[in-house]
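Enquirer: As input, take final19.txt (compact mmCIF, C-alpha atoms):
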```txt
# COMPACT_ATOMS: atom_id res chain seq x y z
CA MET A 1 143.75 22.68 92.05
CA ALA A 2 144.40 24.03 95.56
CA ILE A 3 142.00 23.28 98.42
CA GLU A 4 141.92 24.27 102.10
CA LEU A 5 141.88 21.34 104.50
CA THR A 6 141.71 20.64 108.20
CA VAL A 7 143.99 17.64 108.64
CA GLY A 8 142.80 14.58 110.54
CA PRO A 9 144.57 11.42 111.74
CA VAL A 10 147.69 9.80 110.32
CA ALA A 11 147.41 6.98 107.75
CA HIS A 12 149.90 4.36 106.54
CA GLY A 13 152.47 5.52 103.99
CA GLY A 14 153.26 9.06 105.11
CA TRP A 15 149.74 10.40 104.63
CA CYS A 16 147.25 12.13 106.87
CA VAL A 17 143.51 11.94 106.26
CA ALA A 18 141.27 14.93 105.60
CA ARG A 19 137.89 15.48 103.92
CA HIS A 20 136.79 17.86 101.18
CA ASP A 21 133.27 18.05 99.71
CA GLY A 22 132.42 14.64 101.16
CA ARG A 23 135.49 12.90 99.75
CA VAL A 24 138.52 11.55 101.59
CA VAL A 25 141.78 13.37 100.90
CA PHE A 26 145.12 11.71 101.61
CA VAL A 27 147.52 14.58 102.19
CA ARG A 28 151.32 14.53 102.56
CA HIS A 29 153.64 17.05 104.24
CA ALA A 30 150.93 17.79 106.83
CA LEU A 31 150.41 16.87 110.49
CA PRO A 32 147.21 16.00 112.38
CA GLY A 33 145.29 19.07 113.51
CA GLU A 34 146.83 21.47 111.02
CA ARG A 35 144.92 23.73 108.64
CA VAL A 36 146.67 23.71 105.27
CA LEU A 37 146.39 24.76 101.68
CA ALA A 38 146.91 21.62 99.63
CA GLU A 39 147.60 21.05 95.93
CA VAL A 40 145.68 18.07 94.51
CA THR A 41 148.07 15.64 92.82
CA GLU A 42 145.66 12.78 91.99
CA GLU A 43 141.90 12.36 91.77
CA THR A 44 139.86 9.15 91.71
CA ALA A 45 136.15 8.49 92.08
CA ARG A 46 136.61 7.71 95.77
CA PHE A 47 139.42 9.94 97.04
CA LEU A 48 141.98 12.64 96.34
CA ARG A 49 145.71 12.76 96.96
CA ALA A 50 147.29 16.11 97.76
CA ASP A 51 150.45 17.83 98.99
CA ALA A 52 150.27 20.49 101.70
CA VAL A 53 151.97 23.47 100.05
CA GLU A 54 151.12 26.15 102.61
CA ILE A 55 150.64 25.68 106.36
CA LEU A 56 147.94 28.05 107.61
CA ASP A 57 147.76 26.79 111.22
CA PRO A 58 150.87 24.75 112.09
CA SER A 59 151.02 21.92 114.61
CA PRO A 60 153.28 22.45 117.64
CA ASP A 61 155.05 19.26 116.46
CA ARG A 62 156.09 20.87 113.15
CA VAL A 63 159.80 21.55 112.57
CA THR A 64 161.82 22.81 109.64
CA PRO A 65 162.94 19.72 107.66
CA PRO A 66 166.70 19.27 108.11
CA CYS A 67 167.04 18.03 104.53
CA PRO A 68 167.02 20.66 101.76
CA PHE A 69 165.53 18.12 99.32
CA ALA A 70 162.46 17.32 101.45
CA GLY A 71 159.07 18.82 100.70
CA PRO A 72 156.19 18.83 98.21
CA GLY A 73 157.30 17.70 94.77
CA ARG A 74 160.84 16.95 95.96
CA CYS A 75 162.56 13.75 97.14
CA GLY A 76 160.14 11.00 98.17
CA GLY A 77 162.56 9.17 100.45
CA CYS A 78 161.40 10.54 103.82
CA ASP A 79 157.79 10.97 104.98
CA TRP A 80 158.08 12.91 108.23
CA GLN A 81 161.06 15.27 108.22
CA HIS A 82 158.63 18.11 108.99
CA ALA A 83 157.76 16.48 112.35
CA SER A 84 159.82 16.37 115.54
CA LEU A 85 161.38 13.00 116.40
CA ASP A 86 158.99 12.44 119.31
CA ALA A 87 156.04 13.24 117.05
CA GLN A 88 157.34 10.89 114.34
CA ARG A 89 157.38 7.98 116.78
CA LEU A 90 153.89 8.80 118.04
CA LEU A 91 152.61 8.93 114.46
CA LYS A 92 154.20 5.57 113.71
CA THR A 93 152.70 4.13 116.90
CA ASP A 94 149.26 5.25 115.69
CA VAL A 95 149.85 3.65 112.29
CA VAL A 96 150.92 0.29 113.77
CA ALA A 97 147.98 0.28 116.22
CA GLU A 98 145.49 1.09 113.45
CA GLN A 99 146.87 -1.60 111.13
CA LEU A 100 146.73 -4.25 113.85
CA ARG A 101 143.20 -3.21 114.78
CA ARG A 102 141.89 -3.14 111.19
CA LEU A 103 143.71 -6.16 109.76
CA ALA A 104 144.06 -8.45 112.76
CA GLY A 105 141.46 -7.32 115.27
CA VAL A 106 144.23 -6.80 117.83
CA GLU A 107 144.11 -3.90 120.29
CA TRP A 108 147.76 -2.96 120.76
CA LYS A 109 148.82 -0.48 123.44
CA GLY A 110 152.55 -0.45 122.75
CA VAL A 111 154.84 2.33 121.58
CA VAL A 112 157.33 2.67 118.73
CA GLU A 113 160.80 2.94 120.23
CA GLU A 114 164.10 4.20 118.84
CA VAL A 115 166.38 1.49 117.46
CA PRO A 116 169.81 2.06 119.06
CA GLY A 117 172.36 3.81 116.90
CA ALA A 118 170.80 7.02 115.54
CA PRO A 119 169.45 9.18 118.39
CA ASP A 120 168.93 12.21 116.13
CA GLY A 121 167.06 10.20 113.48
CA LEU A 122 169.73 10.88 110.84
CA GLY A 123 172.80 9.07 109.50
CA TRP A 124 171.48 5.55 109.98
CA ARG A 125 170.66 4.07 106.56
CA THR A 126 173.46 1.67 105.58
CA ARG A 127 172.01 0.85 102.15
CA VAL A 128 170.90 3.56 99.77
CA GLN A 129 169.81 2.88 96.20
CA PHE A 130 170.17 5.93 94.01
CA ALA A 131 168.53 6.29 90.61
CA ALA A 132 170.63 7.58 87.72
CA ASP A 133 169.26 9.87 85.03
CA ARG A 134 170.21 9.73 81.34
CA ASP A 135 173.22 11.95 82.00
CA GLY A 136 174.55 9.70 84.78
CA VAL A 137 173.55 12.07 87.60
CA LEU A 138 172.36 10.37 90.79
CA GLY A 139 169.27 11.23 92.78
CA LEU A 140 166.26 9.76 94.53
CA ARG A 141 162.76 9.23 93.15
CA ARG A 142 160.06 11.74 93.85
CA HIS A 143 156.99 10.40 95.63
CA ARG A 144 154.81 8.15 93.42
CA SER A 145 156.91 9.15 90.43
CA HIS A 146 159.68 7.92 88.16
CA ASP A 147 161.11 11.45 88.12
CA ILE A 148 164.48 11.84 89.82
CA GLU A 149 165.37 14.52 92.35
CA PRO A 150 169.13 15.13 91.97
CA ILE A 151 170.88 15.31 95.35
CA ASP A 152 174.46 15.86 96.47
CA ALA A 153 174.05 14.26 99.93
CA CYS A 154 171.45 12.24 101.86
CA LEU A 155 171.03 13.11 105.54
CA ILE A 156 169.62 9.73 106.55
CA ALA A 157 172.47 7.84 104.84
CA HIS A 158 175.09 6.35 107.16
CA PRO A 159 178.36 8.37 107.20
CA GLU A 160 180.21 5.42 105.63
CA VAL A 161 177.72 5.47 102.73
CA GLU A 162 178.26 9.20 102.27
CA ASN A 163 182.05 8.78 102.46
CA VAL A 164 181.96 6.89 99.15
CA GLY A 165 180.87 10.14 97.49
CA ALA A 166 178.66 8.48 94.88
CA GLU A 167 176.25 11.43 94.57
CA VAL A 168 178.95 13.73 93.19
CA MET A 169 180.27 11.22 90.64
CA ASN A 170 178.94 10.56 87.15
CA TRP A 171 177.48 7.12 86.38
CA ARG A 172 176.90 7.15 82.63
CA ASN A 173 174.77 4.22 81.37
CA ALA A 174 173.73 3.15 84.90
CA SER A 175 170.05 2.87 85.81
CA SER A 176 170.72 2.65 89.55
CA VAL A 177 173.64 2.67 91.97
CA GLU A 178 173.35 1.12 95.41
CA VAL A 179 175.89 2.12 98.05
CA ILE A 180 176.28 -0.20 101.03
CA ALA A 181 178.22 0.05 104.29
CA SER A 182 178.43 -2.80 106.80
CA ASN A 183 178.93 -2.62 110.54
CA THR A 184 182.38 -4.19 110.12
CA GLY A 185 183.59 -1.30 107.94
CA ASP A 186 183.07 -2.90 104.52
CA GLN A 187 181.82 -0.64 101.73
CA ALA A 188 180.43 -1.64 98.35
CA VAL A 189 178.84 -0.14 95.27
CA VAL A 190 176.39 -2.21 93.22
CA ILE A 191 175.71 -0.86 89.73
CA ALA A 192 172.69 -1.83 87.63
CA PRO A 193 173.40 -0.95 83.98
CA ARG A 194 170.86 0.27 81.46
CA PRO A 195 169.84 -2.47 79.00
CA ARG A 196 172.54 -3.24 76.45
CA ARG A 197 174.82 -0.51 77.82
CA THR A 198 178.26 -0.61 79.42
CA VAL A 199 178.54 1.42 82.59
CA ALA A 200 181.32 3.96 82.84
CA VAL A 201 182.59 3.30 86.37
CA PRO A 202 184.06 6.43 87.95
CA ASP A 203 187.31 6.42 89.88
CA ILE A 204 186.44 5.02 93.32
CA ASP A 205 188.77 4.26 96.20
CA THR A 206 190.01 0.69 95.78
CA SER A 207 188.98 -0.12 99.37
CA VAL A 208 185.37 0.05 98.15
CA ALA A 209 184.16 -3.10 96.42
CA VAL A 210 182.53 -2.34 93.08
CA PHE A 211 180.52 -4.77 91.01
CA VAL A 212 177.95 -4.73 88.25
CA ASP A 213 174.66 -6.55 88.82
CA GLU A 214 173.99 -8.54 85.66
CA GLY A 215 170.67 -9.98 86.90
CA GLY A 216 169.69 -13.53 87.76
CA GLY A 217 171.98 -13.57 90.78
CA ARG A 218 175.07 -12.93 88.62
CA SER A 219 177.49 -10.08 89.16
CA ARG A 220 180.72 -8.90 87.55
CA VAL A 221 183.36 -7.71 90.00
CA VAL A 222 185.13 -4.51 88.97
CA HIS A 223 187.39 -4.52 92.00
CA GLY A 224 187.26 -5.92 95.51
CA ARG A 225 184.98 -8.78 96.51
CA ASN A 226 181.29 -9.20 95.77
CA HIS A 227 180.12 -9.46 99.39
CA LEU A 228 180.16 -7.62 102.70
CA VAL A 229 180.48 -8.94 106.22
CA GLU A 230 178.00 -7.97 108.95
CA ARG A 231 178.58 -8.87 112.60
CA VAL A 232 175.82 -9.65 115.10
CA GLY A 233 176.42 -11.08 118.56
CA GLY A 234 179.98 -12.11 117.78
CA ARG A 235 179.03 -14.00 114.60
CA ASP A 236 179.96 -12.85 111.10
CA PHE A 237 177.39 -12.98 108.32
CA GLN A 238 178.44 -12.83 104.67
CA VAL A 239 175.94 -10.98 102.49
CA THR A 240 176.60 -11.26 98.78
CA GLY A 241 175.89 -8.32 96.51
CA SER A 242 172.73 -6.39 97.26
CA GLY A 243 171.25 -9.34 99.16
CA PHE A 244 168.86 -8.51 101.97
CA TRP A 245 170.14 -7.17 105.26
CA GLN A 246 168.52 -4.72 107.66
CA VAL A 247 169.35 -1.13 106.67
CA HIS A 248 169.56 0.27 110.21
CA PRO A 249 172.87 -0.65 111.90
CA GLY A 250 171.07 -1.60 115.12
CA ALA A 251 168.12 -3.42 113.58
CA ALA A 252 169.54 -6.92 113.05
CA GLU A 253 170.64 -7.34 116.66
CA THR A 254 167.43 -5.74 117.96
CA LEU A 255 165.21 -8.03 115.89
CA LEU A 256 167.23 -11.13 116.73
CA GLY A 257 166.91 -10.28 120.41
CA ALA A 258 163.14 -9.85 120.07
CA VAL A 259 162.75 -13.17 118.24
CA MET A 260 164.78 -15.04 120.83
CA GLU A 261 162.88 -13.42 123.71
CA PHE A 262 159.40 -14.14 122.36
CA ALA A 263 160.14 -17.52 120.76
CA ALA A 264 162.19 -18.82 123.72
CA PRO A 265 163.66 -21.79 121.79
CA GLN A 266 164.60 -24.75 123.98
CA PRO A 267 167.31 -27.42 123.61
CA GLY A 268 166.15 -30.28 121.42
CA GLU A 269 163.38 -28.37 119.66
CA TRP A 270 162.72 -28.49 115.90
CA ALA A 271 162.47 -25.01 114.37
CA LEU A 272 161.63 -23.57 110.97
CA ASP A 273 163.06 -20.28 109.70
CA LEU A 274 160.98 -19.26 106.70
CA TYR A 275 162.24 -16.53 104.34
CA CYS A 276 165.51 -17.06 106.19
CA GLY A 277 167.79 -14.83 104.10
CA VAL A 278 171.45 -15.29 105.03
CA GLY A 279 170.60 -17.02 108.31
CA LEU A 280 170.37 -14.31 110.98
CA PHE A 281 167.47 -15.86 112.91
CA ALA A 282 168.53 -19.42 112.07
CA ALA A 283 171.84 -18.78 113.81
CA GLY A 284 170.18 -17.74 117.06
CA LEU A 285 167.72 -20.62 116.86
CA ALA A 286 170.40 -23.21 116.09
CA GLU A 287 172.57 -22.13 118.99
CA ALA A 288 169.57 -22.33 121.33
CA VAL A 289 168.19 -25.73 120.23
CA GLY A 290 171.70 -27.21 120.30
CA PRO A 291 173.04 -30.29 118.51
CA GLU A 292 170.12 -32.39 119.73
CA GLY A 293 167.68 -30.02 118.00
CA ALA A 294 167.33 -28.90 114.38
CA VAL A 295 166.66 -25.78 112.33
CA PHE A 296 165.47 -25.83 108.73
CA GLY A 297 165.68 -22.60 106.74
CA VAL A 298 163.81 -21.91 103.50
CA GLU A 299 164.74 -19.06 101.16
CA SER A 300 163.93 -18.41 97.48
CA GLU A 301 167.19 -16.61 96.60
CA SER A 302 169.93 -19.12 95.77
CA VAL A 303 172.73 -16.66 96.60
CA ALA A 304 171.26 -16.07 100.06
CA VAL A 305 171.02 -19.84 100.65
CA ARG A 306 174.71 -20.22 99.82
CA ASP A 307 175.53 -17.37 102.19
CA ALA A 308 173.43 -18.95 104.95
CA GLU A 309 175.16 -22.31 104.55
CA ARG A 310 178.53 -20.61 104.81
CA ASN A 311 177.53 -18.41 107.74
CA LEU A 312 176.28 -21.36 109.81
CA ARG A 313 178.79 -23.99 108.69
CA ASP A 314 179.81 -24.52 112.35
CA LEU A 315 176.21 -25.42 113.30
CA PRO A 316 175.40 -28.76 111.62
CA GLN A 317 171.94 -28.78 113.21
CA ALA A 318 171.00 -25.97 110.79
CA ARG A 319 170.14 -26.90 107.20
CA PHE A 320 168.90 -24.71 104.35
CA ALA A 321 167.00 -25.22 101.14
CA ARG A 322 166.11 -23.01 98.23
CA GLY A 323 162.43 -22.75 97.42
CA ARG A 324 159.28 -20.70 97.68
CA VAL A 325 157.82 -21.11 101.14
CA GLU A 326 154.32 -21.90 99.82
CA ASN A 327 155.73 -24.92 97.95
CA ALA A 328 158.72 -25.96 100.02
CA LEU A 329 156.90 -27.29 103.09
CA ASP A 330 155.04 -29.85 100.96
CA ARG A 331 158.06 -30.60 98.78
CA PHE A 332 160.23 -31.42 101.78
CA GLY A 333 157.46 -33.27 103.61
CA ILE A 334 157.44 -30.93 106.60
CA GLU A 335 154.30 -31.48 108.66
CA ARG A 336 155.26 -30.28 112.12
CA ALA A 337 157.64 -28.04 114.04
CA ASP A 338 157.97 -26.89 117.63
CA LEU A 339 158.68 -23.34 116.54
CA VAL A 340 158.27 -21.32 113.34
CA VAL A 341 159.90 -17.96 112.67
CA VAL A 342 158.57 -16.15 109.60
CA ASP A 343 160.10 -12.97 108.16
CA PRO A 344 158.29 -12.44 104.83
CA PRO A 345 158.95 -9.67 102.30
CA ARG A 346 156.82 -6.54 102.21
CA ALA A 347 154.05 -8.30 100.29
CA GLY A 348 153.46 -10.48 103.36
CA LEU A 349 152.51 -14.11 103.66
CA GLY A 350 149.57 -14.07 101.25
```
Written as structure tokens, how would this file's structure read?

Expert:
Amino acid sequence: MAIELTVGPVAHGGWCVARHDGRVVFVRHALPGERVLAEVTEETARFLRADAVEILDPSPDRVTPPCPFAGPGRCGGCDWQHASLDAQRLLKTDVVAEQLRRLAGVEWKGVVEEVPGAPDGLGWRTRVQFAADRDGVLGLRRHRSHDIEPIDACLIAHPEVENVGAEVMNWRNASSVEVIASNTGDQAVVIAPRPRRTVAVPDIDTSVAVFVDEGGGRSRVVHGRNHLVERVGGRDFQVTGSGFWQVHPGAAETLLGAVMEFAAPQPGEWALDLYCGVGLFAAGLAEAVGPEGAVFGVESESVAVRDAERNLRDLPQARFARGRVENALDRFGIERADLVVVDPPRAGLG
């Protein structure tokens, strides 16, 4: 069913909001102020979802998407390739302000800024997880779908990810293939096999580490090592397998700088780093509080805890423990801290 819409403000998740016959319509591939013809993709009692398939009155911020796989019914990896870079950042500013206002009652007047390292908005993503179809062809999921859009290149992938050439190889019996590039030049491929299947690993340059994720924190190395090294502020961080690390090459240093500026840790203070990962924030905190202070990191992934202990082995004032944050504070008898840094997963703190 196609409907004509006048598009309203931006909403979280790549949508804009419109109305049709008294119902809210969340529409993708549109921009605020546009008049579009939209194809309804989902209908509930309260709202509709739709894709803008024809732009009747375009916004001055509209551009031709640089990626040939972007658009209605195509790859779901990018939300705003049809908007200029300046417009994208303004849209994201509106989303952040609205979320803070609605969820926290905070009136925020800031702006979304470019993270250093990708001034054209492309070639920045250092970790890309491709889905593999039954024939071993790689692609990316379509929006709100398990269907795969086959691609031969990803424009937002970092050049060192693209240099692996995974998209043009065959990955028979794989369910997904993650390609990773670190800021120290390391490259890795992490293969998730289909249940009870043996992956046919294509011929990859031996400088690229290749390993099979067997679940439960276990991996089988095909060649190379099972970790990469990232460098921030002169310190090396080992990240094993597909463990968490910021996907933008400038994000880790930018976020660490923001945490240190706002938290302003002082010598002798006692700090907590919750959901600490491989110890990025703990490292900055431990250096600031010094040997007379202490940092305690909590992380649920055992592999990440081992990485954190290795990464900060020269800072004895930093200790780490595996556990779920909601249980660990009681289990370890932690009742106070001078400073708490919390970096939860997407689901939030709960």

Enquirer: Enter the distance from CA of Pro249 (chain A) to CA of Glu98 (chain A), in Å, rounded to one decimal.

Expert: 27.5 Å

Enquirer: Just checking: using only C-alpha atoms, which residue out of A:Arg23, A:Arg319, A:Arg306, A:His146 ends up closest to Gly293 (chain A)?

Expert: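 The closest residue to Gly293 (chain A) is A:Arg319.
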
Enquirer: Restricting the calculation to only C-alpha atoms: of A:Leu339, A:Ile151, A:Met260, A:Leu280, which residue gets closest to Val239 (chain A)?

Expert: A:Leu280

Enquirer: Please list as a list in words every residue within 12 Å of Gln88 (chain A), counting only C-alpha atoms and excluding residues in the same chain fewer than 4 positions away.

Expert: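 The filter keeps Val10, Gly14, Leu31, Pro32, Asp61, Arg62, Val63, Cys78, Asp79, Trp80, Gln81, His82, Ala83, Ser84, Lys92, Thr93, Asp94, Val95, Val111, Val112, Glu113, Glu114, Asp120 and Gly121 of chain A.
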
Enquirer: What is the distance between CA of His158 (chain A) and CA of Val96 (chain A), in Å to one decimal?

Expert: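 Distance reported for this atom pair: 25.8 Å.
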
Enquirer: Which value, in Å to one decimal, gives the distance between CA of Gly105 (chain A) and CA of Leu349 (chain A)?

Expert: 17.4 Å

Enquirer: Take the point (173.6, -10.7, 114.9) as written in the file and pick out every residue within 10 Å of it, counting all atoms listed in the file; give the list as a PDB file with C-alpha atoms, in the frame of the given file.

Expert:
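Writing the result to selection15.pdb gives the following:
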```
ATOM      1  CA  GLU A 230     178.000  -7.970 108.950  1.00  0.00           C
ATOM      2  CA  ARG A 231     178.580  -8.870 112.600  1.00  0.00           C
ATOM      3  CA  VAL A 232     175.820  -9.650 115.100  1.00  0.00           C
ATOM      4  CA  GLY A 233     176.420 -11.080 118.560  1.00  0.00           C
ATOM      5  CA  GLY A 234     179.980 -12.110 117.780  1.00  0.00           C
ATOM      6  CA  ARG A 235     179.030 -14.000 114.600  1.00  0.00           C
ATOM      7  CA  ASP A 236     179.960 -12.850 111.100  1.00  0.00           C
ATOM      8  CA  PHE A 237     177.390 -12.980 108.320  1.00  0.00           C
ATOM      9  CA  GLY A 250     171.070  -1.600 115.120  1.00  0.00           C
ATOM     10  CA  ALA A 251     168.120  -3.420 113.580  1.00  0.00           C
ATOM     11  CA  ALA A 252     169.540  -6.920 113.050  1.00  0.00           C
ATOM     12  CA  GLU A 253     170.640  -7.340 116.660  1.00  0.00           C
ATOM     13  CA  THR A 254     167.430  -5.740 117.960  1.00  0.00           C
ATOM     14  CA  LEU A 255     165.210  -8.030 115.890  1.00  0.00           C
ATOM     15  CA  LEU A 256     167.230 -11.130 116.730  1.00  0.00           C
ATOM     16  CA  GLY A 257     166.910 -10.280 120.410  1.00  0.00           C
ATOM     17  CA  GLY A 279     170.600 -17.020 108.310  1.00  0.00           C
ATOM     18  CA  LEU A 280     170.370 -14.310 110.980  1.00  0.00           C
ATOM     19  CA  PHE A 281     167.470 -15.860 112.910  1.00  0.00           C
ATOM     20  CA  ALA A 283     171.840 -18.780 113.810  1.00  0.00           C
ATOM     21  CA  GLY A 284     170.180 -17.740 117.060  1.00  0.00           C
TER      22      GLY A 284
END
```

Enquirer: For Val298 (chain A), which of A:Trp270, A:Phe332, A:Phe211, A:Phe69 is the closest residue, counting only C-alpha atoms?

Expert: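 Going through A:Trp270, A:Phe332, A:Phe211, A:Phe69 one by one, the smallest distance to Val298 (chain A) is for A:Phe332.
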
Enquirer: Taking (149.5, 22.7, 103.0) as a centre in this file's frame and 8 Å as the limit, can you find every polymer residue with an atom that close, using all atoms listed in the file, and give them as a list in words?

Expert: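 Output of the proximity query reads Glu4, Leu5, His29, Ala30, Arg35, Val36, Leu37, Ala38, Glu39, Asp51, Ala52, Val53, Glu54, Ile55 and Leu56 of chain A.
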
Enquirer: Choose the residue, out of A:Ile148, A:Arg74, A:Arg324, A:Pro60, that has the smallest atom-to-atom separation from Ala87 (chain A); count all atoms listed in the file.

Expert: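 Among the listed residues, A:Pro60 lies closest to Ala87 (chain A).
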
Enquirer: Extract, using all atoms listed in the file, all DNA, RNA and protein residues at most 6 Å from Val25 (chain A), discarding same-chain residues fewer than 4 positions from it, and format them as a count of residues only.

Expert: 6

Enquirer: Would you pick out the contacts of Ser300 (chain A) at 8 Å or less, using only C-alpha atoms, so that residues sharing its chain but fewer than 4 positions from it are not included, and give the list as a tab-separated table (two decimals) with C-alpha atoms, in the frame of the given file?

Expert:
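Okay, this is what ended up in selection-v7.tsv:
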```tsv
chain	number	residue	atom	x	y	z
A	275	TYR	CA	162.24	-16.53	104.34
A	305	VAL	CA	171.02	-19.84	100.65
A	322	ARG	CA	166.11	-23.01	98.23
A	323	GLY	CA	162.43	-22.75	97.42
A	324	ARG	CA	159.28	-20.70	97.68
A	325	VAL	CA	157.82	-21.11	101.14
```
